[in-house]
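Shown next: structure20.txt, containing compact mmCIF, C-alpha atoms and all ligand atoms.
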# COMPACT_ATOMS: atom_id res chain seq x y z
CA MET A 1 3.44 -30.02 1.02
CA ARG A 2 1.44 -26.89 1.85
CA ALA A 3 2.95 -23.86 0.13
CA LEU A 4 3.86 -21.03 2.49
CA ASP A 5 2.69 -17.94 0.66
CA PHE A 6 4.79 -14.82 1.24
CA ARG A 7 3.90 -13.23 -2.11
CA SER A 8 1.64 -10.60 -0.59
CA ASP A 9 -0.55 -9.76 2.38
CA THR A 10 -3.46 -9.90 -0.06
CA VAL A 11 -3.42 -13.72 -0.24
CA THR A 12 -5.28 -14.01 3.08
CA ARG A 13 -8.68 -15.77 3.17
CA PRO A 14 -11.66 -14.27 4.96
CA SER A 15 -11.81 -15.53 8.56
CA PRO A 16 -14.86 -17.47 9.79
CA GLU A 17 -16.05 -14.34 11.67
CA MET A 18 -15.72 -12.35 8.47
CA ARG A 19 -17.72 -14.90 6.47
CA ALA A 20 -20.39 -14.97 9.18
CA ALA A 21 -20.63 -11.16 9.11
CA MET A 22 -20.90 -11.24 5.31
CA ALA A 23 -23.61 -13.90 5.41
CA SER A 24 -25.78 -11.88 7.79
CA ALA A 25 -25.00 -8.42 6.38
CA GLU A 26 -27.82 -5.90 6.28
CA VAL A 27 -27.81 -4.49 2.73
CA GLY A 28 -29.37 -1.87 0.46
CA ASP A 29 -28.80 -0.60 -3.08
CA ASP A 30 -25.80 1.68 -2.70
CA VAL A 31 -26.24 3.35 -6.09
CA LEU A 32 -29.88 4.25 -5.48
CA ASP A 33 -29.92 5.17 -1.81
CA ARG A 34 -26.73 3.96 -0.11
CA ASP A 35 -26.05 0.65 1.50
CA PRO A 36 -26.15 0.89 5.31
CA LEU A 37 -22.98 -1.12 5.98
CA MET A 38 -20.96 0.60 3.25
CA ASP A 39 -22.03 3.86 4.80
CA ARG A 40 -20.96 2.68 8.27
CA LEU A 41 -17.58 1.45 6.97
CA GLU A 42 -16.89 4.70 5.12
CA ARG A 43 -17.70 6.75 8.23
CA ARG A 44 -15.62 4.53 10.48
CA VAL A 45 -12.51 4.71 8.27
CA ALA A 46 -12.86 8.47 7.74
CA GLU A 47 -13.07 8.88 11.52
CA LEU A 48 -9.92 6.78 12.02
CA LEU A 49 -8.07 9.01 9.54
CA GLY A 50 -9.45 12.26 10.95
CA LEU A 51 -11.13 13.15 7.65
CA GLU A 52 -14.72 14.17 6.96
CA ALA A 53 -15.93 11.41 4.70
CA GLY A 54 -14.99 8.18 2.95
CA LEU A 55 -15.77 6.39 -0.30
CA TRP A 56 -15.52 2.60 -0.62
CA THR A 57 -13.83 1.35 -3.79
CA PRO A 58 -13.31 -2.25 -4.87
CA THR A 59 -9.54 -1.74 -5.23
CA GLY A 60 -6.75 0.56 -4.17
CA CYS A 61 -5.98 1.26 -7.81
CA MET A 62 -9.47 2.65 -8.31
CA ALA A 63 -9.15 4.80 -5.17
CA ASN A 64 -5.84 6.26 -6.39
CA THR A 65 -7.27 6.83 -9.86
CA ILE A 66 -10.28 8.68 -8.47
CA ALA A 67 -8.00 10.83 -6.30
CA LEU A 68 -5.75 11.75 -9.22
CA MET A 69 -8.77 12.49 -11.41
CA LEU A 70 -10.07 14.80 -8.66
CA HIS A 71 -6.79 16.68 -8.28
CA LEU A 72 -5.30 16.89 -11.77
CA SER A 73 -6.22 18.76 -14.92
CA ARG A 74 -4.91 17.69 -18.32
CA GLY A 75 -1.13 18.16 -18.47
CA ASP A 76 -0.62 18.91 -14.77
CA ARG A 77 2.54 17.52 -13.22
CA PHE A 78 2.34 15.44 -10.07
CA LEU A 79 5.26 14.50 -7.84
CA ALA A 80 5.71 11.10 -6.22
CA PRO A 81 8.58 9.20 -4.62
CA ALA A 82 10.40 6.97 -7.11
CA GLN A 83 8.83 3.54 -7.60
CA ALA A 84 5.55 4.65 -6.05
CA HIS A 85 2.74 2.20 -6.79
CA VAL A 86 0.86 4.92 -8.65
CA LEU A 87 3.83 5.48 -10.99
CA GLY A 88 4.67 1.97 -12.11
CA SER A 89 2.01 -0.45 -10.96
CA GLU A 90 -1.31 1.01 -12.07
CA LEU A 91 -0.98 0.52 -15.83
CA GLY A 92 -0.54 4.21 -16.55
CA THR A 93 -3.95 5.31 -15.23
CA PRO A 94 -2.45 8.59 -13.92
CA ALA A 95 -1.71 9.46 -17.57
CA TRP A 96 -4.53 7.50 -19.22
CA LEU A 97 -7.42 8.65 -17.04
CA ALA A 98 -6.17 11.52 -14.85
CA GLN A 99 -4.06 12.97 -17.69
CA GLY A 100 -1.21 13.94 -15.38
CA MET A 101 2.53 14.25 -16.04
CA PRO A 102 4.39 12.10 -13.49
CA GLU A 103 7.65 13.22 -11.91
CA ALA A 104 9.46 10.61 -9.82
CA LEU A 105 11.53 12.03 -6.95
CA PRO A 106 14.59 10.02 -5.87
CA TRP A 107 14.71 8.72 -2.28
CA GLU A 108 16.85 11.43 -0.66
CA ALA A 109 15.42 10.91 2.84
CA GLY A 110 16.05 7.14 2.93
CA PRO A 111 14.37 4.19 1.18
CA GLY A 112 10.97 5.26 -0.19
CA ARG A 113 11.22 8.73 1.39
CA ILE A 114 11.64 12.24 0.00
CA THR A 115 12.46 15.61 1.59
CA PRO A 116 10.45 18.86 1.62
CA MET A 117 13.44 20.49 -0.16
CA GLN A 118 12.96 18.09 -3.09
CA VAL A 119 9.32 19.14 -3.32
CA PHE A 120 10.47 22.75 -3.32
CA ARG A 121 13.12 22.09 -5.98
CA ALA A 122 10.59 20.33 -8.19
CA ALA A 123 7.67 22.74 -7.81
CA GLY A 124 8.93 25.87 -6.06
CA ARG A 125 9.83 28.06 -9.01
CA PRO A 126 6.73 29.39 -10.74
CA GLY A 127 8.52 30.58 -13.91
CA PRO A 128 6.94 32.18 -16.99
CA TYR A 129 3.58 31.20 -18.49
CA TYR A 130 5.09 28.33 -20.52
CA THR A 131 6.34 26.55 -17.37
CA LEU A 132 4.92 23.09 -16.68
CA ARG A 133 2.46 23.42 -13.80
CA SER A 134 2.78 21.18 -10.72
CA ALA A 135 -0.54 20.46 -9.07
CA LEU A 136 -0.15 17.51 -6.72
CA LEU A 137 2.17 15.73 -4.32
CA CYS A 138 1.35 12.04 -4.15
CA LEU A 139 2.87 10.29 -1.10
CA GLU A 140 3.00 6.58 -0.27
CA ASN A 141 3.14 5.20 3.29
CA THR A 142 4.36 2.54 3.78
CA HIS A 143 6.34 2.56 0.56
CA ASN A 144 5.77 -0.86 -0.96
CA PHE A 145 8.68 -1.30 -3.37
CA ALA A 146 11.20 0.31 -1.02
CA GLY A 147 10.41 -2.59 1.33
CA GLY A 148 7.48 -1.37 3.43
CA THR A 149 9.36 1.66 4.73
CA CYS A 150 7.63 4.24 6.93
CA THR A 151 7.35 7.98 6.79
CA THR A 152 6.82 9.30 10.34
CA ALA A 153 4.05 11.76 11.19
CA ALA A 154 6.66 14.51 11.66
CA GLU A 155 8.20 13.88 8.22
CA HIS A 156 4.74 13.65 6.67
CA ARG A 157 3.70 16.97 8.22
CA ALA A 158 6.81 18.75 6.91
CA LEU A 159 6.13 17.42 3.39
CA VAL A 160 2.48 18.45 3.49
CA GLU A 161 3.37 21.91 4.79
CA GLN A 162 5.86 22.37 1.96
CA ALA A 163 3.34 21.18 -0.64
CA ARG A 164 0.64 23.48 0.77
CA ALA A 165 3.01 26.46 0.76
CA LEU A 166 3.53 25.84 -2.97
CA GLY A 167 -0.19 25.49 -3.64
CA LEU A 168 -0.03 21.75 -4.34
CA LYS A 169 -2.78 19.34 -3.41
CA VAL A 170 -1.73 16.23 -1.47
CA HIS A 171 -2.87 12.65 -2.00
CA LEU A 172 -1.60 9.91 0.30
CA ASP A 173 -1.56 6.35 -1.01
CA GLY A 174 -1.85 4.69 2.38
CA ALA A 175 -2.59 1.16 1.17
CA ARG A 176 -0.58 0.02 4.22
CA LEU A 177 -0.99 3.09 6.43
CA TRP A 178 -2.03 0.56 9.11
CA HIS A 179 1.48 -0.82 9.08
CA ALA A 180 3.09 2.63 9.24
CA ALA A 181 0.96 3.47 12.30
CA ALA A 182 1.85 0.20 14.02
CA ALA A 183 5.58 0.66 13.34
CA THR A 184 5.96 4.37 14.16
CA GLY A 185 3.50 4.58 17.04
CA ASP A 186 1.91 7.58 15.31
CA THR A 187 -1.87 7.61 14.96
CA LEU A 188 -3.52 7.05 11.58
CA ALA A 189 -4.89 10.60 11.83
CA ASP A 190 -1.39 12.06 12.41
CA LEU A 191 -0.05 10.09 9.44
CA ALA A 192 -2.92 11.41 7.29
CA TRP A 193 -2.62 14.98 8.57
CA GLY A 194 -3.29 17.71 6.03
CA ALA A 195 -3.77 15.42 3.02
CA ASP A 196 -6.66 16.27 0.72
CA THR A 197 -7.30 12.61 0.03
CA VAL A 198 -6.06 9.37 1.59
CA ASN A 199 -6.49 5.84 0.29
CA VAL A 200 -6.33 2.87 2.67
CA CYS A 201 -6.71 -0.81 1.68
CA LEU A 202 -8.73 -3.25 3.76
CA SER A 203 -7.33 -6.13 1.71
CA LYS A 204 -3.69 -5.35 2.61
CA GLY A 205 -2.83 -7.25 5.73
CA LEU A 206 -6.22 -6.88 7.41
CA GLY A 207 -7.82 -9.84 5.68
CA ALA A 208 -10.76 -8.36 3.76
CA PRO A 209 -11.38 -10.07 0.40
CA MET A 210 -11.57 -6.66 -1.28
CA GLY A 211 -12.12 -3.00 -0.62
CA SER A 212 -10.31 0.27 -0.13
CA VAL A 213 -11.63 3.53 1.27
CA LEU A 214 -10.76 6.92 -0.22
CA CYS A 215 -11.17 9.61 2.42
CA GLY A 216 -11.26 13.39 2.19
CA SER A 217 -13.60 16.33 2.59
CA ARG A 218 -17.33 15.77 2.12
CA ASP A 219 -17.23 17.72 -1.18
CA LEU A 220 -14.30 15.75 -2.61
CA VAL A 221 -15.89 12.45 -1.63
CA GLU A 222 -19.16 13.41 -3.32
CA ALA A 223 -17.26 14.39 -6.47
CA GLY A 224 -15.35 11.11 -6.16
CA ARG A 225 -18.62 9.19 -5.94
CA ARG A 226 -19.52 10.41 -9.47
CA ILE A 227 -16.12 9.37 -10.80
CA ARG A 228 -16.40 5.95 -9.11
CA LYS A 229 -19.69 5.42 -10.96
CA MET A 230 -18.04 6.45 -14.25
CA LEU A 231 -15.28 3.90 -13.66
CA GLY A 232 -17.78 1.12 -13.05
CA GLY A 233 -17.27 1.03 -9.29
CA GLY A 234 -20.83 1.82 -8.22
CA VAL A 235 -21.90 -1.45 -6.63
CA ARG A 236 -25.33 -2.38 -5.37
CA GLN A 237 -25.55 -4.59 -2.23
CA GLY A 238 -21.97 -3.71 -1.25
CA GLY A 239 -22.80 -4.35 2.40
CA ILE A 240 -21.76 -7.96 1.78
CA VAL A 241 -18.15 -6.83 1.37
CA ALA A 242 -18.39 -3.79 3.65
CA ALA A 243 -19.25 -6.25 6.45
CA ALA A 244 -15.92 -7.96 5.78
CA GLY A 245 -14.18 -4.57 5.83
CA LEU A 246 -15.62 -3.72 9.24
CA VAL A 247 -14.43 -7.07 10.65
CA ALA A 248 -11.01 -6.49 9.01
CA LEU A 249 -10.57 -3.34 11.12
CA ASP A 250 -10.67 -5.53 14.24
CA TYR A 251 -7.24 -6.83 13.16
CA LEU A 252 -5.56 -3.40 13.59
CA PRO A 253 -4.27 -4.07 17.13
CA ARG A 254 -2.65 -7.30 15.85
CA VAL A 255 -0.69 -5.76 12.94
CA PRO A 256 2.48 -5.62 15.11
CA GLU A 257 2.41 -9.44 15.20
CA ASP A 258 3.00 -9.49 11.45
CA HIS A 259 5.93 -7.10 11.86
CA ALA A 260 7.44 -9.44 14.46
CA LYS A 261 7.11 -12.33 11.97
CA ALA A 262 9.02 -10.31 9.35
CA ARG A 263 11.78 -9.52 11.85
CA ARG A 264 12.03 -13.20 12.83
CA LEU A 265 12.28 -14.15 9.15
CA ALA A 266 14.99 -11.54 8.60
CA ASP A 267 16.98 -12.78 11.61
CA GLY A 268 16.72 -16.39 10.42
CA LEU A 269 17.85 -15.52 6.90
CA ARG A 270 20.72 -13.44 8.23
CA ALA A 271 21.86 -16.38 10.36
CA MET A 272 22.06 -18.43 7.13
CA GLY A 273 24.33 -15.83 5.57
CA PHE A 274 21.88 -13.80 3.51
CA ARG A 275 22.23 -10.04 3.50
CA VAL A 276 18.93 -8.69 4.79
CA ALA A 277 18.20 -5.28 6.25
CA PRO A 278 15.88 -5.24 9.29
CA PRO A 279 12.31 -4.70 8.04
CA ASP A 280 10.34 -1.60 9.17
CA THR A 281 7.01 -3.39 8.79
CA ASN A 282 5.73 -6.62 7.21
CA ILE A 283 7.76 -6.42 3.98
CA LEU A 284 11.22 -7.90 3.65
CA LEU A 285 13.43 -7.42 0.60
CA VAL A 286 16.23 -9.89 -0.01
CA PRO A 287 18.60 -8.69 -2.75
CA VAL A 288 19.73 -11.45 -5.12
CA PRO A 289 21.80 -11.47 -8.29
CA ASP A 290 19.30 -13.72 -10.06
CA ALA A 291 15.78 -13.34 -8.73
CA ALA A 292 14.24 -15.74 -11.26
CA ALA A 293 16.57 -18.61 -10.27
CA ALA A 294 16.13 -17.99 -6.53
CA LEU A 295 12.38 -17.79 -7.00
CA SER A 296 12.16 -21.20 -8.62
CA ILE A 297 14.42 -22.81 -6.00
CA LEU A 298 12.17 -21.42 -3.27
CA GLU A 299 9.07 -22.52 -5.16
CA GLY A 300 10.56 -26.04 -5.24
CA VAL A 301 10.72 -26.12 -1.43
CA GLY A 302 7.21 -24.69 -1.02
CA VAL A 303 8.05 -21.08 -0.22
CA ARG A 304 6.34 -18.57 -2.48
CA VAL A 305 7.67 -15.02 -2.93
CA LEU A 306 7.57 -12.32 -5.61
CA PRO A 307 10.48 -10.61 -7.35
CA VAL A 308 10.79 -6.84 -6.87
CA GLY A 309 13.57 -5.49 -9.07
CA SER A 310 16.65 -7.54 -8.22
CA ALA A 311 15.29 -8.61 -4.83
CA LEU A 312 12.86 -11.19 -3.52
CA ARG A 313 9.94 -9.73 -1.61
CA PHE A 314 8.61 -11.60 1.41
CA ILE A 315 5.43 -10.22 3.00
CA THR A 316 4.18 -11.59 6.30
CA HIS A 317 0.48 -11.62 7.12
CA ARG A 318 -2.27 -12.96 9.37
CA ASP A 319 -2.59 -16.31 7.56
CA LEU A 320 1.03 -17.20 8.33
CA ALA A 321 1.44 -18.38 11.92
CA ASP A 322 4.68 -18.06 13.91
CA ALA A 323 5.19 -21.79 13.30
CA ASP A 324 4.93 -21.16 9.55
CA ILE A 325 7.82 -18.69 9.76
CA GLU A 326 9.97 -21.38 11.46
CA GLU A 327 8.82 -23.91 8.86
CA ALA A 328 9.74 -21.50 6.03
CA LEU A 329 13.19 -21.00 7.55
CA ASP A 330 13.67 -24.79 7.78
CA ARG A 331 12.66 -25.21 4.13
CA ILE A 332 14.96 -22.38 3.01
CA ARG A 333 17.79 -23.84 5.10
CA ALA A 334 17.36 -27.16 3.29
CA ALA A 335 17.92 -25.35 -0.02
CA ALA A 336 20.53 -22.99 1.39
CA ASP A 337 23.47 -24.53 -0.52
CA ARG A 338 21.84 -23.81 -3.85
CA LEU A 339 20.44 -20.50 -2.66
CA VAL A 340 23.72 -19.25 -1.31
CA THR A 341 25.21 -19.92 -4.76
CA THR A 342 22.35 -17.95 -6.23
CA TRP A 343 22.87 -15.18 -3.75
CA GLU A 344 26.64 -14.96 -3.75
CA GLY A 345 27.86 -16.55 -6.95
CA ASP A 346 28.58 -14.50 -10.01
CA ARG A 347 26.75 -16.83 -12.40
CA PRO A 348 23.02 -17.53 -12.46
CA MET A 349 21.96 -20.79 -10.88
CA VAL A 350 19.91 -23.35 -12.76
C1 LIG B 1 -1.69 -2.75 -3.30
C2 LIG B 1 -1.42 -1.33 -3.41
C3 LIG B 1 -2.32 -0.46 -4.06
C4 LIG B 1 -3.63 -0.88 -4.70
O1 LIG B 1 -3.73 -2.15 -5.09
P1 LIG B 1 -5.07 -2.91 -5.52
O2 LIG B 1 -4.52 -4.23 -5.88
O3 LIG B 1 -5.66 -2.17 -6.64
O4 LIG B 1 -5.97 -2.95 -4.33
C5 LIG B 1 -2.00 0.87 -4.11
N1 LIG B 1 -0.88 1.33 -3.55
C6 LIG B 1 -0.01 0.54 -2.89
C7 LIG B 1 1.19 1.14 -2.27
C8 LIG B 1 -0.24 -0.81 -2.81
O5 LIG B 1 0.63 -1.61 -2.18
Mind turning the file's structure into structure tokens?
Ligand SMILES: *Cc1c(COP(=O)(O)O)cnc(C)c1O
Amino acid sequence: MRALDFRSDTVTRPSPEMRAAMASAEVGDDVLDRDPLMDRLERRVAELLGLEAGLWTPTGCMANTIALMLHLSRGDRFLAPAQAHVLGSELGTPAWLAQGMPEALPWEAGPGRITPMQVFRAAGRPGPYYTLRSALLCLENTHNFAGGTCTTAAEHRALVEQARALGLKVHLDGARLWHAAAATGDTLADLAWGADTVNVCLSKGLGAPMGSVLCGSRDLVEAGRRIRKMLGGGVRQGGIVAAAGLVALDYLPRVPEDHAKARRLADGLRAMGFRVAPPDTNILLVPVPDAAAALSILEGVGVRVLPVGSALRFITHRDLADADIEEALDRIRAAADRLVTTWEGDRPMV
């Protein structure tokens, strides 16, 4: 039985077109004098986001780390919505390498979202010289652990304006900004508006085997290029993977298909009696009393998911066809008796 893999939209395999582009990529030594395809990819992504320049990084974590190292001095506080990837999923690099003091803001504007007033309350009172200094607002769109929720361009703009008014820098972790754009109808540039730096991931939903791009002003990107080298991210013939990144961008118009798959999955699960909120994008959270038990039951019927807190996280992506969604629902239905006990019983299932 072929496992249906909903663990992440990073499990996709490079398409044949992508592999062909990689095989025939024109390359150079990016550390010595820039690789032509990396250069093209960085320009293309910066243009999409309405920013001056871009910097390829092997991972989104490295892009976020570089951004925080650019914006923070030792002991500076940075604000981020609770459960942001940068707070809990990057092994403490904001403290370890960027030396910042994190402050998690609760979701007062809805799942994964914060209000300008919260930014003001956290950073708006200068205070005497011994007051902790706030230097950065770090946003995340879509918000992964809230269930792929979107901040609209209008909400984003209000947050950036508030941050600016308080003298804060703004970094946007837009690992799945593609999905926010597809769901809200706002352009990538509107969703990136006013941010000093923006990170987008080519390996999240678009199918590239690796690669993120950190965009910002020309000066910030050049400073970031030094930090990338320090972190071991200066690669040589990176055109091999930049070629995959350029092909990955061709998938942008098809991102809504993955959102439709998530909605179909949600509808099917709801029809079986599970309590599932309609997904904003390609991430679906299914709250369960015992995630570990539910996970192993699903694993047994060939449906792979990841636990997020007390929920199961399903992510739809380009390597799952519409027929795979129906197949997953059939498999889950076959285990529904045991799963419903897991979901609704008050004792853990074995
Ligand atoms: C995946 C992800 C990242 C970066 O992840 P890498 O695995 O390092 O590429 C950063 N932020 C968010 C919100 C993510 O989902």
Selection: 10 Å around Asp35 (chain A), all atoms listed in the file, excl. self and same-chain fewer than 4 positions, as a PyMOL selection string: chain A and resi 26-31+39-40+235-240+242
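Between CA of Met22 (chain A) and CA of Ala243 (chain A) the separation is 5.4 Å.
The interatomic distance for the pair CA of Leu87 (chain A) and CA of Arg226 (chain A) works out to 23.9 Å.
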If you take all atoms listed in the file and a cut-off of 9 Å, which residues of chain A touch ligand LIG 1 (chain B), and what are their nearest atom pairs and distances in Å to one decimal, in chain and number order, as a Markdown table?
| residue | atom | partner | partner_atom | distance |
| --- | --- | --- | --- | --- |
| A:Ser8 | CA | B:LIG1 | C1 | 8.9 |
| A:Thr10 | CA | B:LIG1 | C1 | 8.0 |
| A:Thr57 | CA | B:LIG1 | O4 | 9.0 |
| A:Pro58 | CA | B:LIG1 | O4 | 7.4 |
| A:Thr59 | CA | B:LIG1 | O4 | 3.9 |
| A:Gly60 | CA | B:LIG1 | C4 | 3.5 |
| A:Cys61 | CA | B:LIG1 | O3 | 3.6 |
| A:Met62 | CA | B:LIG1 | O3 | 6.4 |
| A:Ala63 | CA | B:LIG1 | O3 | 7.9 |
| A:Asn64 | CA | B:LIG1 | C5 | 7.0 |
| A:Ala84 | CA | B:LIG1 | C7 | 6.8 |
| A:His85 | CA | B:LIG1 | C7 | 4.9 |
| A:Val86 | CA | B:LIG1 | N1 | 6.5 |
| A:Ser89 | CA | B:LIG1 | C5 | 8.0 |
| A:Glu90 | CA | B:LIG1 | O3 | 7.6 |
| A:Glu140 | CA | B:LIG1 | C7 | 6.1 |
| A:Asn141 | CA | B:LIG1 | C7 | 7.2 |
| A:Thr142 | CA | B:LIG1 | C7 | 7.0 |
| A:His143 | CA | B:LIG1 | C7 | 6.0 |
| A:Asn144 | CA | B:LIG1 | C7 | 5.2 |
| A:Phe145 | CA | B:LIG1 | C7 | 8.0 |
| A:Gly148 | CA | B:LIG1 | C7 | 8.9 |
| A:Asp173 | CA | B:LIG1 | N1 | 5.7 |
| A:Gly174 | CA | B:LIG1 | C7 | 6.6 |
| A:Ala175 | CA | B:LIG1 | C6 | 4.9 |
| A:Arg176 | CA | B:LIG1 | O5 | 6.7 |
| A:Asn199 | CA | B:LIG1 | C5 | 8.0 |
| A:Val200 | CA | B:LIG1 | C5 | 8.3 |
| A:Cys201 | CA | B:LIG1 | O4 | 6.4 |
| A:Leu202 | CA | B:LIG1 | O4 | 8.6 |
| A:Ser203 | CA | B:LIG1 | O4 | 7.0 |
| A:Lys204 | CA | B:LIG1 | C1 | 6.8 |
| A:Met210 | CA | B:LIG1 | O4 | 7.4 |
| A:Gly211 | CA | B:LIG1 | O4 | 7.2 |
| A:Ser212 | CA | B:LIG1 | O4 | 6.8 |
Prev. selection, C-alpha atoms, output as a JSON list (two decimals), in the frame of the given file:
[["chain", "number", "residue", "atom", "x", "y", "z"],
["A", 8, "SER", "CA", 1.64, -10.60, -0.59],
["A", 10, "THR", "CA", -3.46, -9.90, -0.06],
["A", 57, "THR", "CA", -13.83, 1.35, -3.79],
["A", 58, "PRO", "CA", -13.31, -2.25, -4.87],
["A", 59, "THR", "CA", -9.54, -1.74, -5.23],
["A", 60, "GLY", "CA", -6.75, 0.56, -4.17],
["A", 61, "CYS", "CA", -5.98, 1.26, -7.81],
["A", 62, "MET", "CA", -9.47, 2.65, -8.31],
["A", 63, "ALA", "CA", -9.15, 4.80, -5.17],
["A", 64, "ASN", "CA", -5.84, 6.26, -6.39],
["A", 84, "ALA", "CA", 5.55, 4.65, -6.05],
["A", 85, "HIS", "CA", 2.74, 2.20, -6.79],
["A", 86, "VAL", "CA", 0.86, 4.92, -8.65],
["A", 89, "SER", "CA", 2.01, -0.45, -10.96],
["A", 90, "GLU", "CA", -1.31, 1.01, -12.07],
["A", 140, "GLU", "CA", 3.00, 6.58, -0.27],
["A", 141, "ASN", "CA", 3.14, 5.20, 3.29],
["A", 142, "THR", "CA", 4.36, 2.54, 3.78],
["A", 143, "HIS", "CA", 6.34, 2.56, 0.56],
["A", 144, "ASN", "CA", 5.77, -0.86, -0.96],
["A", 145, "PHE", "CA", 8.68, -1.30, -3.37],
["A", 148, "GLY", "CA", 7.48, -1.37, 3.43],
["A", 173, "ASP", "CA", -1.56, 6.35, -1.01],
["A", 174, "GLY", "CA", -1.85, 4.69, 2.38],
["A", 175, "ALA", "CA", -2.59, 1.16, 1.17],
["A", 176, "ARG", "CA", -0.58, 0.02, 4.22],
["A", 199, "ASN", "CA", -6.49, 5.84, 0.29],
["A", 200, "VAL", "CA", -6.33, 2.87, 2.67],
["A", 201, "CYS", "CA", -6.71, -0.81, 1.68],
["A", 202, "LEU", "CA", -8.73, -3.25, 3.76],
["A", 203, "SER", "CA", -7.33, -6.13, 1.71],
["A", 204, "LYS", "CA", -3.69, -5.35, 2.61],
["A", 210, "MET", "CA", -11.57, -6.66, -1.28],
["A", 211, "GLY", "CA", -12.12, -3.00, -0.62],
["A", 212, "SER", "CA", -10.31, 0.27, -0.13]]
For CA of Pro81 (chain A) and CA of Pro106 (chain A), quote the distance in Å rounded to one decimal. 6.2 Å
Quick one: 6 Å padding each side, axis-aligned, all listed atoms of region 15-32 of chain A - centre and edge lengths in Å to one decimal, as JSON?
{"center_x": -20.8, "center_y": -6.6, "center_z": 2.8, "size_x": 30.1, "size_y": 33.7, "size_z": 29.8}
Which residues are near Gly124 (chain A)? Cut-off 12 Å, only C-alpha atoms, ignore same chain within fewer than 5 positions. Put them as a PyMOL selection string. chain A and resi 116-119+131-135+162-168
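Using all atoms listed in the file, the residues found no farther than 9 Å from region 267-275 of chain A, other than those of its own chain fewer than 2 positions away, are Ala262, Arg263, Arg264, Leu265, Ala277, Pro278, Val286, Pro287, Glu326, Leu329, Ile332, Arg333, Ala336, Val340, Trp343 and Glu344 of chain A.
Using all atoms listed in the file, the smallest distance between any of A:Arg254, A:Arg19, A:Arg304, A:His317 and Ile283 (chain A) comes from A:His317.
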Residue among A:Val241, A:Ala260, A:Ala181, A:Leu159 lying closest to Ala20 (chain A), counting only C-alpha atoms: A:Val241
Of A:Glu161, A:Glu42, A:Asp319, A:Asp280, the one sitting nearest Pro111 (chain A) when using all atoms listed in the file is A:Asp280
With only C-alpha atoms as the atoms that count, which of A:Ala183, A:Ala192, A:Leu70, A:Leu214 lies nearest to Ala154 (chain A)? A:Ala192
Mind listing as a count of residues only all residues within 10 Å of (2.8, 14.2, 7.1), counting all atoms listed in the file? 22
